[in-house]
Structure formats: structure tokens, C-alpha cells
file input_19.csv (CSV, C-alpha atoms)
chain,number,residue,atom,x,y,z
K,1,MET,CA,-2.3,-2.1,10.2
K,2,SER,CA,-2.3,1.1,8.1
K,3,THR,CA,-2.8,1.0,4.3
K,4,LEU,CA,-0.6,2.9,2.0
K,5,LEU,CA,-1.7,3.5,-1.6
K,6,LEU,CA,1.3,3.7,-4.0
K,7,ASP,CA,1.2,5.6,-7.2
K,8,ALA,CA,3.3,4.6,-10.2
K,9,SER,CA,6.2,6.8,-9.4
K,10,ALA,CA,6.7,5.2,-6.0
K,11,ILE,CA,6.7,1.7,-7.5
K,12,LEU,CA,9.0,2.7,-10.3
K,13,ALA,CA,11.5,4.4,-7.9
K,14,ALA,CA,11.8,1.0,-6.1
K,15,PHE,CA,12.9,-0.6,-9.3
K,16,ASP,CA,15.3,2.2,-10.4
K,17,PRO,CA,18.6,2.5,-8.3
K,18,GLY,CA,19.2,5.8,-10.1
K,19,ASP,CA,16.1,7.4,-8.5
K,20,ARG,CA,16.8,9.5,-5.4
K,21,HIS,CA,13.9,7.9,-3.7
K,22,HIS,CA,15.0,4.4,-4.6
K,23,GLU,CA,16.1,3.2,-1.2
K,24,THR,CA,13.1,4.4,0.7
K,25,ALA,CA,10.7,3.1,-2.0
K,26,ARG,CA,12.5,-0.3,-2.0
K,27,VAL,CA,12.3,-0.6,1.8
K,28,LEU,CA,8.6,0.3,1.7
K,29,LEU,CA,7.8,-2.4,-0.9
K,30,ALA,CA,9.5,-5.0,1.2
K,31,ASP,CA,8.0,-3.8,4.5
K,32,ASP,CA,5.6,-6.4,6.0
K,33,SER,CA,4.4,-4.1,8.7
K,34,VAL,CA,2.1,-2.1,6.3
K,35,THR,CA,-0.5,-3.0,3.8
K,36,LEU,CA,0.1,-1.7,0.3
K,37,ALA,CA,-2.5,-1.0,-2.4
K,38,THR,CA,-2.5,0.8,-5.7
K,39,LEU,CA,-4.8,2.0,-8.5
K,40,ASP,CA,-5.4,0.2,-11.7
K,41,LEU,CA,-4.0,3.2,-13.6
K,42,ALA,CA,-0.5,2.2,-12.2
K,43,ARG,CA,-0.5,-0.9,-14.5
K,44,TYR,CA,-0.5,1.3,-17.6
K,45,GLU,CA,1.9,3.9,-16.2
K,46,VAL,CA,4.6,1.6,-15.0
K,47,ALA,CA,4.5,-0.3,-18.3
K,48,ASN,CA,4.5,3.0,-20.3
K,49,VAL,CA,7.6,4.3,-18.4
K,50,ALA,CA,9.4,0.9,-18.8
K,51,VAL,CA,8.9,0.9,-22.5
K,52,CYS,CA,8.9,4.6,-23.5
K,53,ALA,CA,11.3,6.2,-21.0
K,54,TRP,CA,13.5,3.4,-19.7
K,55,ARG,CA,13.6,1.6,-23.1
K,56,ALA,CA,13.5,-1.6,-21.1
K,57,PRO,CA,10.5,-3.7,-22.2
K,58,ASP,CA,12.0,-6.6,-20.2
K,59,ALA,CA,11.2,-4.6,-17.0
K,60,VAL,CA,7.5,-4.7,-17.7
K,61,ALA,CA,6.9,-8.2,-16.4
K,62,PRO,CA,8.6,-7.7,-13.1
K,63,LEU,CA,6.8,-4.4,-12.6
K,64,LEU,CA,3.4,-6.0,-13.3
K,65,PHE,CA,4.3,-8.9,-11.1
K,66,ALA,CA,5.0,-6.4,-8.3
K,67,LEU,CA,1.6,-4.8,-8.9
K,68,ASP,CA,0.0,-8.2,-8.7
K,69,ARG,CA,1.6,-8.8,-5.4
K,70,ILE,CA,0.4,-5.4,-4.1
K,71,GLY,CA,-3.0,-6.4,-5.4
K,72,ASN,CA,-3.0,-9.5,-3.3
K,73,ASP,CA,-2.0,-7.4,-0.3
K,74,GLY,CA,-4.1,-4.3,-0.1
K,75,GLY,CA,-5.8,-4.5,-3.5
K,76,VAL,CA,-5.9,-2.6,-6.8
K,77,VAL,CA,-8.5,0.1,-6.7
K,78,ALA,CA,-10.6,0.3,-9.9
K,79,SER,CA,-11.0,3.5,-11.8
K,80,THR,CA,-14.8,3.6,-11.7
K,81,SER,CA,-16.9,6.4,-12.9
K,82,THR,CA,-17.5,7.4,-9.3
K,83,LEU,CA,-13.8,7.6,-8.6
K,84,LEU,CA,-13.0,9.5,-11.8
K,85,THR,CA,-15.8,12.0,-11.1
K,86,ARG,CA,-14.3,12.7,-7.7
K,87,ALA,CA,-10.9,12.9,-9.4
K,88,ALA,CA,-12.1,15.5,-11.8
K,89,GLU,CA,-13.3,17.6,-8.8
K,90,LEU,CA,-9.9,17.2,-7.1
K,91,ALA,CA,-8.0,18.0,-10.3
K,92,GLU,CA,-9.9,21.3,-10.6
K,93,ARG,CA,-9.5,22.2,-6.9
K,94,HIS,CA,-5.8,21.5,-6.7
K,95,ALA,CA,-4.7,22.3,-10.3
K,96,ILE,CA,-3.4,18.9,-11.0
K,97,SER,CA,-4.1,16.4,-13.8
K,98,VAL,CA,-7.0,13.9,-13.5
K,99,TYR,CA,-4.3,11.2,-13.6
K,100,ASP,CA,-2.7,12.4,-10.4
K,101,ALA,CA,-6.1,13.3,-8.9
K,102,ALA,CA,-7.3,9.7,-9.5
K,103,TYR,CA,-4.7,8.4,-7.0
K,104,VAL,CA,-5.8,11.1,-4.5
K,105,ALA,CA,-9.4,10.0,-5.0
K,106,ALA,CA,-8.5,6.3,-4.6
K,107,VAL,CA,-7.2,7.1,-1.1
K,108,GLY,CA,-10.8,8.0,-0.3
K,109,GLU,CA,-11.9,8.2,3.3
K,110,GLY,CA,-10.4,6.4,6.2
K,111,ASP,CA,-7.0,5.2,7.2
K,112,ARG,CA,-5.2,5.3,3.9
K,113,ARG,CA,-2.4,7.5,2.7
K,114,LEU,CA,-1.0,8.2,-0.8
K,115,VAL,CA,2.7,7.6,-1.3
K,116,SER,CA,4.3,9.3,-4.3
K,117,CYS,CA,7.6,10.6,-5.5
K,118,ASP,CA,5.7,13.5,-7.2
K,119,GLU,CA,6.9,16.4,-5.0
K,120,ARG,CA,5.8,19.1,-7.3
K,121,ASP,CA,2.1,18.2,-7.7
K,122,LEU,CA,1.2,15.9,-4.8
K,123,VAL,CA,3.7,16.0,-1.9
K,124,SER,CA,4.1,19.8,-1.9
K,125,LYS,CA,0.3,20.2,-1.8
K,126,GLY,CA,-0.1,17.8,1.1
K,127,LEU,CA,-1.9,15.2,-1.1
K,128,ALA,CA,0.8,12.5,-0.7
K,129,VAL,CA,3.9,11.7,1.3
K,130,LEU,CA,7.2,10.5,0.0
K,131,PRO,CA,8.3,6.9,0.5
K,132,GLY,CA,9.7,6.6,3.9
K,133,ALA,CA,7.7,9.5,5.3
K,134,HIS,CA,4.7,7.5,6.2
V,1,MET,CA,-14.4,-8.7,21.9
V,2,ALA,CA,-17.2,-8.6,19.3
V,3,LYS,CA,-19.3,-11.6,18.7
V,4,VAL,CA,-20.3,-12.5,15.2
V,5,MET,CA,-22.4,-15.2,13.5
V,6,VAL,CA,-20.7,-17.0,10.6
V,7,SER,CA,-22.3,-19.4,8.2
V,8,MET,CA,-20.3,-22.3,6.7
V,9,PRO,CA,-20.8,-25.8,5.4
V,10,ALA,CA,-21.2,-28.4,8.0
V,11,GLU,CA,-18.2,-30.3,6.6
V,12,LEU,CA,-15.9,-27.3,7.0
V,13,LEU,CA,-17.2,-26.7,10.5
V,14,ALA,CA,-16.4,-30.3,11.4
V,15,GLU,CA,-12.8,-29.7,10.3
V,16,VAL,CA,-12.6,-26.5,12.4
V,17,ASP,CA,-13.9,-28.4,15.4
V,18,ALA,CA,-11.4,-31.2,14.8
V,19,GLU,CA,-8.6,-28.6,14.7
V,20,ALA,CA,-9.9,-27.1,17.9
V,21,ARG,CA,-9.8,-30.5,19.6
V,22,ARG,CA,-6.4,-31.1,18.3
V,23,LEU,CA,-5.1,-27.8,19.7
V,24,GLY,CA,-7.1,-28.1,22.9
V,25,THR,CA,-8.8,-24.7,22.3
V,26,SER,CA,-12.2,-23.3,21.3
V,27,ARG,CA,-13.8,-23.1,17.9
V,28,SER,CA,-13.7,-19.3,18.2
V,29,ALA,CA,-10.0,-19.3,18.9
V,30,VAL,CA,-9.3,-21.5,15.8
V,31,LEU,CA,-11.4,-19.2,13.5
V,32,ARG,CA,-9.7,-16.2,15.0
V,33,GLY,CA,-6.3,-17.7,14.4
V,34,PHE,CA,-7.2,-18.5,10.8
V,35,ALA,CA,-8.4,-15.0,10.1
V,36,GLU,CA,-5.3,-13.4,11.7
V,37,ALA,CA,-3.0,-15.7,9.7
V,38,ALA,CA,-4.8,-14.9,6.4
V,39,LEU,CA,-4.8,-11.1,7.0
V,40,ARG,CA,-1.4,-10.8,8.4
V,41,GLY,CA,0.1,-13.1,5.9
V,42,ARG,CA,-0.8,-11.0,2.9
V,43,PRO,CA,1.7,-8.2,3.6
V,44,ALA,CA,4.3,-10.8,4.6
V,45,ASP,CA,3.8,-12.6,1.3
V,46,ARG,CA,4.0,-9.4,-0.7
V,47,ALA,CA,7.2,-8.3,1.2
V,48,ALA,CA,8.9,-11.6,0.6
V,49,ALA,CA,8.1,-11.4,-3.1
V,50,MET,CA,9.4,-7.9,-3.3
V,51,ARG,CA,12.7,-8.8,-1.6
V,52,LEU,CA,13.4,-11.3,-4.4
V,53,LEU,CA,12.1,-9.0,-7.1
V,54,LEU,CA,14.2,-5.9,-6.1
V,55,ARG,CA,17.6,-7.5,-6.5
V,56,ASP,CA,20.0,-7.0,-9.3
V,57,LEU,CA,18.4,-3.9,-10.6
V,58,SER,CA,19.6,-1.6,-13.4
V,59,SER,CA,19.6,2.2,-13.2
V,60,HIS,CA,17.1,4.0,-15.4
V,61,GLY,CA,18.0,7.6,-14.7
V,62,GLY,CA,15.7,8.4,-11.8
V,63,ASN,CA,13.0,11.1,-11.7
V,64,SER,CA,10.2,8.5,-11.7
V,65,ALA,CA,7.5,11.1,-11.2
V,66,GLU,CA,8.6,13.2,-14.2
V,67,GLN,CA,8.9,10.0,-16.3
V,68,VAL,CA,5.3,9.1,-15.5
V,69,LYS,CA,4.1,12.5,-16.5
V,70,ALA,CA,6.2,12.6,-19.6
V,71,THR,CA,4.8,9.2,-20.9
V,72,ARG,CA,1.2,10.0,-20.2
V,73,PRO,CA,-1.0,10.5,-23.3
V,74,ARG,CA,-1.2,14.2,-24.3
V,75,PRO,CA,-4.5,15.8,-25.4

call {"tool": "encode", "arguments": {"input": "input_19.csv", "output": "C-alpha cells"}}
result
Amino acid sequence: MSTLLLDASAILAAFDPGDRHHETARVLLADDSVTLATLDLARYEVANVAVCAWRAPDAVAPLLFALDRIGNDGGVVASTSTLLTRAAELAERHAISVYDAAYVAAVGEGDRRLVSCDERDLVSKGLAVLPGAH
Amino acid sequence: MAKVMVSMPAELLAEVDAEARRLGTSRSAVLRGFAEAALRGRPADRAAAMRLLLRDLSSHGGNSAEQVKATRPRP
């Protein structure tokens, strides 16, 4: 069974019917034929968007519950010094932020793929695939 | 099929053997079944929880990737 690592944008899109990737992200989160994982950074990012962009603090609890369920599935990767050192190298190489690069570094070696709605910085550079494109 | 050695308390092994007798199968088959159920069950549990969670949602304007970037701390 393949493992997909979701960044915060993919998780948020599943919770926002106004997002153009909503349907594919929603289907992915409810797909029992794949293993899903994420990075600990996503906890902060989804909460930050819910509070500061959505102005919907009530959405934080269900978002974090979703992250816990993903954690019980494929796990929540920890942002260790080793991972962030690798992220810094990737950020420099691909001209992306260390935040975005941390997700790329979390994919690591092996049979994982990063799923993101970030077309500009991740998908267009071949560093991630859109929900539904896995 | 690979062969492995597994350590476990004698009491637990006795329960595994009892389950094997009940099912009329081998100790290995029982342990294999438990491992498969545990590993395959995790995506199923997550998917079931998500189906409940992703009902009755409100729109928040979309562009999740841009929203993530816009709400990150700035240097």
C-alpha cells in the first residue's frame, strides 16, 4: 500500500468546499486504499489558516482531529534537526521556503509521495502532486 | 514467505495458540492475520473518521495553498 504525505493545503482543501481541489482532496482523505501521513508543521498551519484566514476558530478542533486520524494511519513526521537541515538544502536548490521544503524532505526516500495544492512552488516543480493525481 | 522469530510473553502465546485451535489453523496463520488486520485497519479507520468529519462543511474561499503561505510567520 503506497503512502501519501499530505501538506497543510491538501488537508485544508478537503475541509473547504470553496477550494477548487476540494472534491479530490475530500475523496483522498476518505480513501482506505492508501496510507496517509503528514508533517508536524501541518498542525500549526491548519490551525493558523482556520483562525487567521478563515476566521473560523471552531474549525480548528475538527482539523486537528483529522490530523490525529492521519497520525494513527501513516504517522506524523517530526521536524527534527536532520529533516530541517535537509529542508534547508532543498529550499536553496528549488528556490522555495523552508516550510515547503520541510514537507518535501519529510517524503524522504522510498515509496512516499507528497500531495499538495501548491501548484506554484511544489507541483509545478515536480516536488508534489495534486490531490487525485496520485 | 519470509520466516521470522518473534518474542512474546508465554501467556499471550497461549492465547494465540488457543485462537489457532479454535480456527483450526496454524500459529503462523493467526499471527499473520492479526498483523494484516492491524495494518490494513488503520487506513480504514482513518477513512471512516474522515467520512464523518467531512460532512456539512462551510466554504472558506478556497486557495488553501495561498492561505497557508499568507498566514506563515514573516521574517

call {"tool": "atom_distance", "arguments": {"input": "input_19.csv", "atom1": "CA of Asp58 (chain K)", "atom2": "CA of Val27 (chain K)"}}
result
22.8 Å

call {"tool": "closest_residue", "arguments": {"input": "input_19.csv", "among": "K:Ala25, K:Val34, K:Val123, K:Leu4", "to": "chain V", "atoms": "all atoms listed in the file"}}
result
K:Val34

call {"tool": "interface_residues", "arguments": {"input": "input_19.csv", "of": "chain K", "to": "chain V", "cutoff": "9 Å", "atoms": "all atoms listed in the file", "output": "PyMOL selection string"}}
result
chain K and resi 1+8-22+26-36+45-46+48-50+52-56+62-63+65-66+69-74+99+116-119

call {"tool": "write_last_selection", "arguments": {"input": "input_19.csv", "atoms": "C-alpha atoms", "output": "PDB file, in the frame of the given file"}}
result
ATOM      1  CA  MET K   1      -2.300  -2.100  10.200  1.00  0.00           C
ATOM      2  CA  ALA K   8       3.300   4.600 -10.200  1.00  0.00           C
ATOM      3  CA  SER K   9       6.200   6.800  -9.400  1.00  0.00           C
ATOM      4  CA  ALA K  10       6.700   5.200  -6.000  1.00  0.00           C
ATOM      5  CA  ILE K  11       6.700   1.700  -7.500  1.00  0.00           C
ATOM      6  CA  LEU K  12       9.000   2.700 -10.300  1.00  0.00           C
ATOM      7  CA  ALA K  13      11.500   4.400  -7.900  1.00  0.00           C
ATOM      8  CA  ALA K  14      11.800   1.000  -6.100  1.00  0.00           C
ATOM      9  CA  PHE K  15      12.900  -0.600  -9.300  1.00  0.00           C
ATOM     10  CA  ASP K  16      15.300   2.200 -10.400  1.00  0.00           C
ATOM     11  CA  PRO K  17      18.600   2.500  -8.300  1.00  0.00           C
ATOM     12  CA  GLY K  18      19.200   5.800 -10.100  1.00  0.00           C
ATOM     13  CA  ASP K  19      16.100   7.400  -8.500  1.00  0.00           C
ATOM     14  CA  ARG K  20      16.800   9.500  -5.400  1.00  0.00           C
ATOM     15  CA  HIS K  21      13.900   7.900  -3.700  1.00  0.00           C
ATOM     16  CA  HIS K  22      15.000   4.400  -4.600  1.00  0.00           C
ATOM     17  CA  ARG K  26      12.500  -0.300  -2.000  1.00  0.00           C
ATOM     18  CA  VAL K  27      12.300  -0.600   1.800  1.00  0.00           C
ATOM     19  CA  LEU K  28       8.600   0.300   1.700  1.00  0.00           C
ATOM     20  CA  LEU K  29       7.800  -2.400  -0.900  1.00  0.00           C
ATOM     21  CA  ALA K  30       9.500  -5.000   1.200  1.00  0.00           C
ATOM     22  CA  ASP K  31       8.000  -3.800   4.500  1.00  0.00           C
ATOM     23  CA  ASP K  32       5.600  -6.400   6.000  1.00  0.00           C
ATOM     24  CA  SER K  33       4.400  -4.100   8.700  1.00  0.00           C
ATOM     25  CA  VAL K  34       2.100  -2.100   6.300  1.00  0.00           C
ATOM     26  CA  THR K  35      -0.500  -3.000   3.800  1.00  0.00           C
ATOM     27  CA  LEU K  36       0.100  -1.700   0.300  1.00  0.00           C
ATOM     28  CA  GLU K  45       1.900   3.900 -16.200  1.00  0.00           C
ATOM     29  CA  VAL K  46       4.600   1.600 -15.000  1.00  0.00           C
ATOM     30  CA  ASN K  48       4.500   3.000 -20.300  1.00  0.00           C
ATOM     31  CA  VAL K  49       7.600   4.300 -18.400  1.00  0.00           C
ATOM     32  CA  ALA K  50       9.400   0.900 -18.800  1.00  0.00           C
ATOM     33  CA  CYS K  52       8.900   4.600 -23.500  1.00  0.00           C
ATOM     34  CA  ALA K  53      11.300   6.200 -21.000  1.00  0.00           C
ATOM     35  CA  TRP K  54      13.500   3.400 -19.700  1.00  0.00           C
ATOM     36  CA  ARG K  55      13.600   1.600 -23.100  1.00  0.00           C
ATOM     37  CA  ALA K  56      13.500  -1.600 -21.100  1.00  0.00           C
ATOM     38  CA  PRO K  62       8.600  -7.700 -13.100  1.00  0.00           C
ATOM     39  CA  LEU K  63       6.800  -4.400 -12.600  1.00  0.00           C
ATOM     40  CA  PHE K  65       4.300  -8.900 -11.100  1.00  0.00           C
ATOM     41  CA  ALA K  66       5.000  -6.400  -8.300  1.00  0.00           C
ATOM     42  CA  ARG K  69       1.600  -8.800  -5.400  1.00  0.00           C
ATOM     43  CA  ILE K  70       0.400  -5.400  -4.100  1.00  0.00           C
ATOM     44  CA  GLY K  71      -3.000  -6.400  -5.400  1.00  0.00           C
ATOM     45  CA  ASN K  72      -3.000  -9.500  -3.300  1.00  0.00           C
ATOM     46  CA  ASP K  73      -2.000  -7.400  -0.300  1.00  0.00           C
ATOM     47  CA  GLY K  74      -4.100  -4.300  -0.100  1.00  0.00           C
ATOM     48  CA  TYR K  99      -4.300  11.200 -13.600  1.00  0.00           C
ATOM     49  CA  SER K 116       4.300   9.300  -4.300  1.00  0.00           C
ATOM     50  CA  CYS K 117       7.600  10.600  -5.500  1.00  0.00           C
ATOM     51  CA  ASP K 118       5.700  13.500  -7.200  1.00  0.00           C
ATOM     52  CA  GLU K 119       6.900  16.400  -5.000  1.00  0.00           C
TER      53      GLU K 119
END

call {"tool": "atom_distance", "arguments": {"input": "input_19.csv", "atom1": "CA of Val115 (chain K)", "atom2": "CA of Leu90 (chain K)"}}
result
16.9 Å

call {"tool": "closest_residue", "arguments": {"input": "input_19.csv", "among": "K:Val77, K:Thr24, K:Val51, K:His134", "to": "Ala106 (chain K)", "atoms": "only C-alpha atoms"}}
result
K:Val77

call {"tool": "atom_distance", "arguments": {"input": "input_19.csv", "atom1": "CA of Ser79 (chain K)", "atom2": "CA of Asp7 (chain K)"}}
result
13.2 Å

call {"tool": "axis_aligned_box", "arguments": {"input": "input_19.csv", "around": "region 40-49 of chain K", "padding_each_side": "4 Å", "output": "JSON"}}
result
{"center_x": 1.1, "center_y": 1.7, "center_z": -16.0, "size_x": 21.0, "size_y": 13.2, "size_z": 16.6}

call {"tool": "closest_residue", "arguments": {"input": "input_19.csv", "among": "K:Ile96, K:Ala59, K:Ala47, K:Ala105", "to": "Leu84 (chain K)", "atoms": "all atoms listed in the file"}}
result
K:Ala105

call {"tool": "residues_around", "arguments": {"input": "input_19.csv", "residues": "region 2-18 of chain V", "least_positions_apart": "4", "cutoff": "7 Å", "atoms": "all atoms listed in the file", "output": "PyMOL selection string"}}
result
chain V and resi 22+27+30

call {"tool": "residues_around", "arguments": {"input": "input_19.csv", "residues": "Ala102 (chain K)", "least_positions_apart": "6", "cutoff": "12 Å", "atoms": "all atoms listed in the file", "output": "VMD selection string"}}
result
chain K and resid 5 to 8 38 to 42 77 to 92 96 108 114 122 127

call {"tool": "build_atoms", "arguments": {"input": "input_19.csv", "residues": "region 1-14 of chain K", "atoms": "N, CA and C atoms", "output": "CSV table (one decimal), keeping the file's coordinate frame"}}
result
chain,number,residue,atom,x,y,z
K,1,MET,N,-3.4,-2.3,11.2
K,1,MET,CA,-2.3,-2.1,10.2
K,1,MET,C,-2.7,-1.0,9.2
K,2,SER,N,-1.9,0.0,9.0
K,2,SER,CA,-2.3,1.1,8.1
K,2,SER,C,-2.1,0.7,6.6
K,3,THR,N,-2.9,1.3,5.8
K,3,THR,CA,-2.8,1.0,4.3
K,3,THR,C,-2.2,2.1,3.6
K,4,LEU,N,-1.2,1.9,2.8
K,4,LEU,CA,-0.6,2.9,2.0
K,4,LEU,C,-0.9,2.7,0.5
K,5,LEU,N,-1.4,3.7,-0.2
K,5,LEU,CA,-1.7,3.5,-1.6
K,5,LEU,C,-0.6,4.1,-2.4
K,6,LEU,N,0.1,3.3,-3.2
K,6,LEU,CA,1.3,3.7,-4.0
K,6,LEU,C,0.9,4.2,-5.4
K,7,ASP,N,1.4,5.3,-5.8
K,7,ASP,CA,1.2,5.6,-7.2
K,7,ASP,C,2.4,5.0,-8.0
K,8,ALA,N,2.3,5.2,-9.3
K,8,ALA,CA,3.3,4.6,-10.2
K,8,ALA,C,4.7,5.0,-9.9
K,9,SER,N,4.8,6.3,-9.6
K,9,SER,CA,6.2,6.8,-9.4
K,9,SER,C,6.9,6.1,-8.2
K,10,ALA,N,6.1,5.8,-7.1
K,10,ALA,CA,6.7,5.2,-6.0
K,10,ALA,C,7.1,3.7,-6.3
K,11,ILE,N,6.3,3.1,-7.1
K,11,ILE,CA,6.7,1.7,-7.5
K,11,ILE,C,7.9,1.7,-8.5
K,12,LEU,N,7.9,2.6,-9.4
K,12,LEU,CA,9.0,2.7,-10.3
K,12,LEU,C,10.3,3.1,-9.6
K,13,ALA,N,10.2,4.0,-8.6
K,13,ALA,CA,11.5,4.4,-7.9
K,13,ALA,C,12.1,3.2,-7.2
K,14,ALA,N,11.3,2.2,-6.7
K,14,ALA,CA,11.8,1.0,-6.1
K,14,ALA,C,12.6,0.2,-7.0
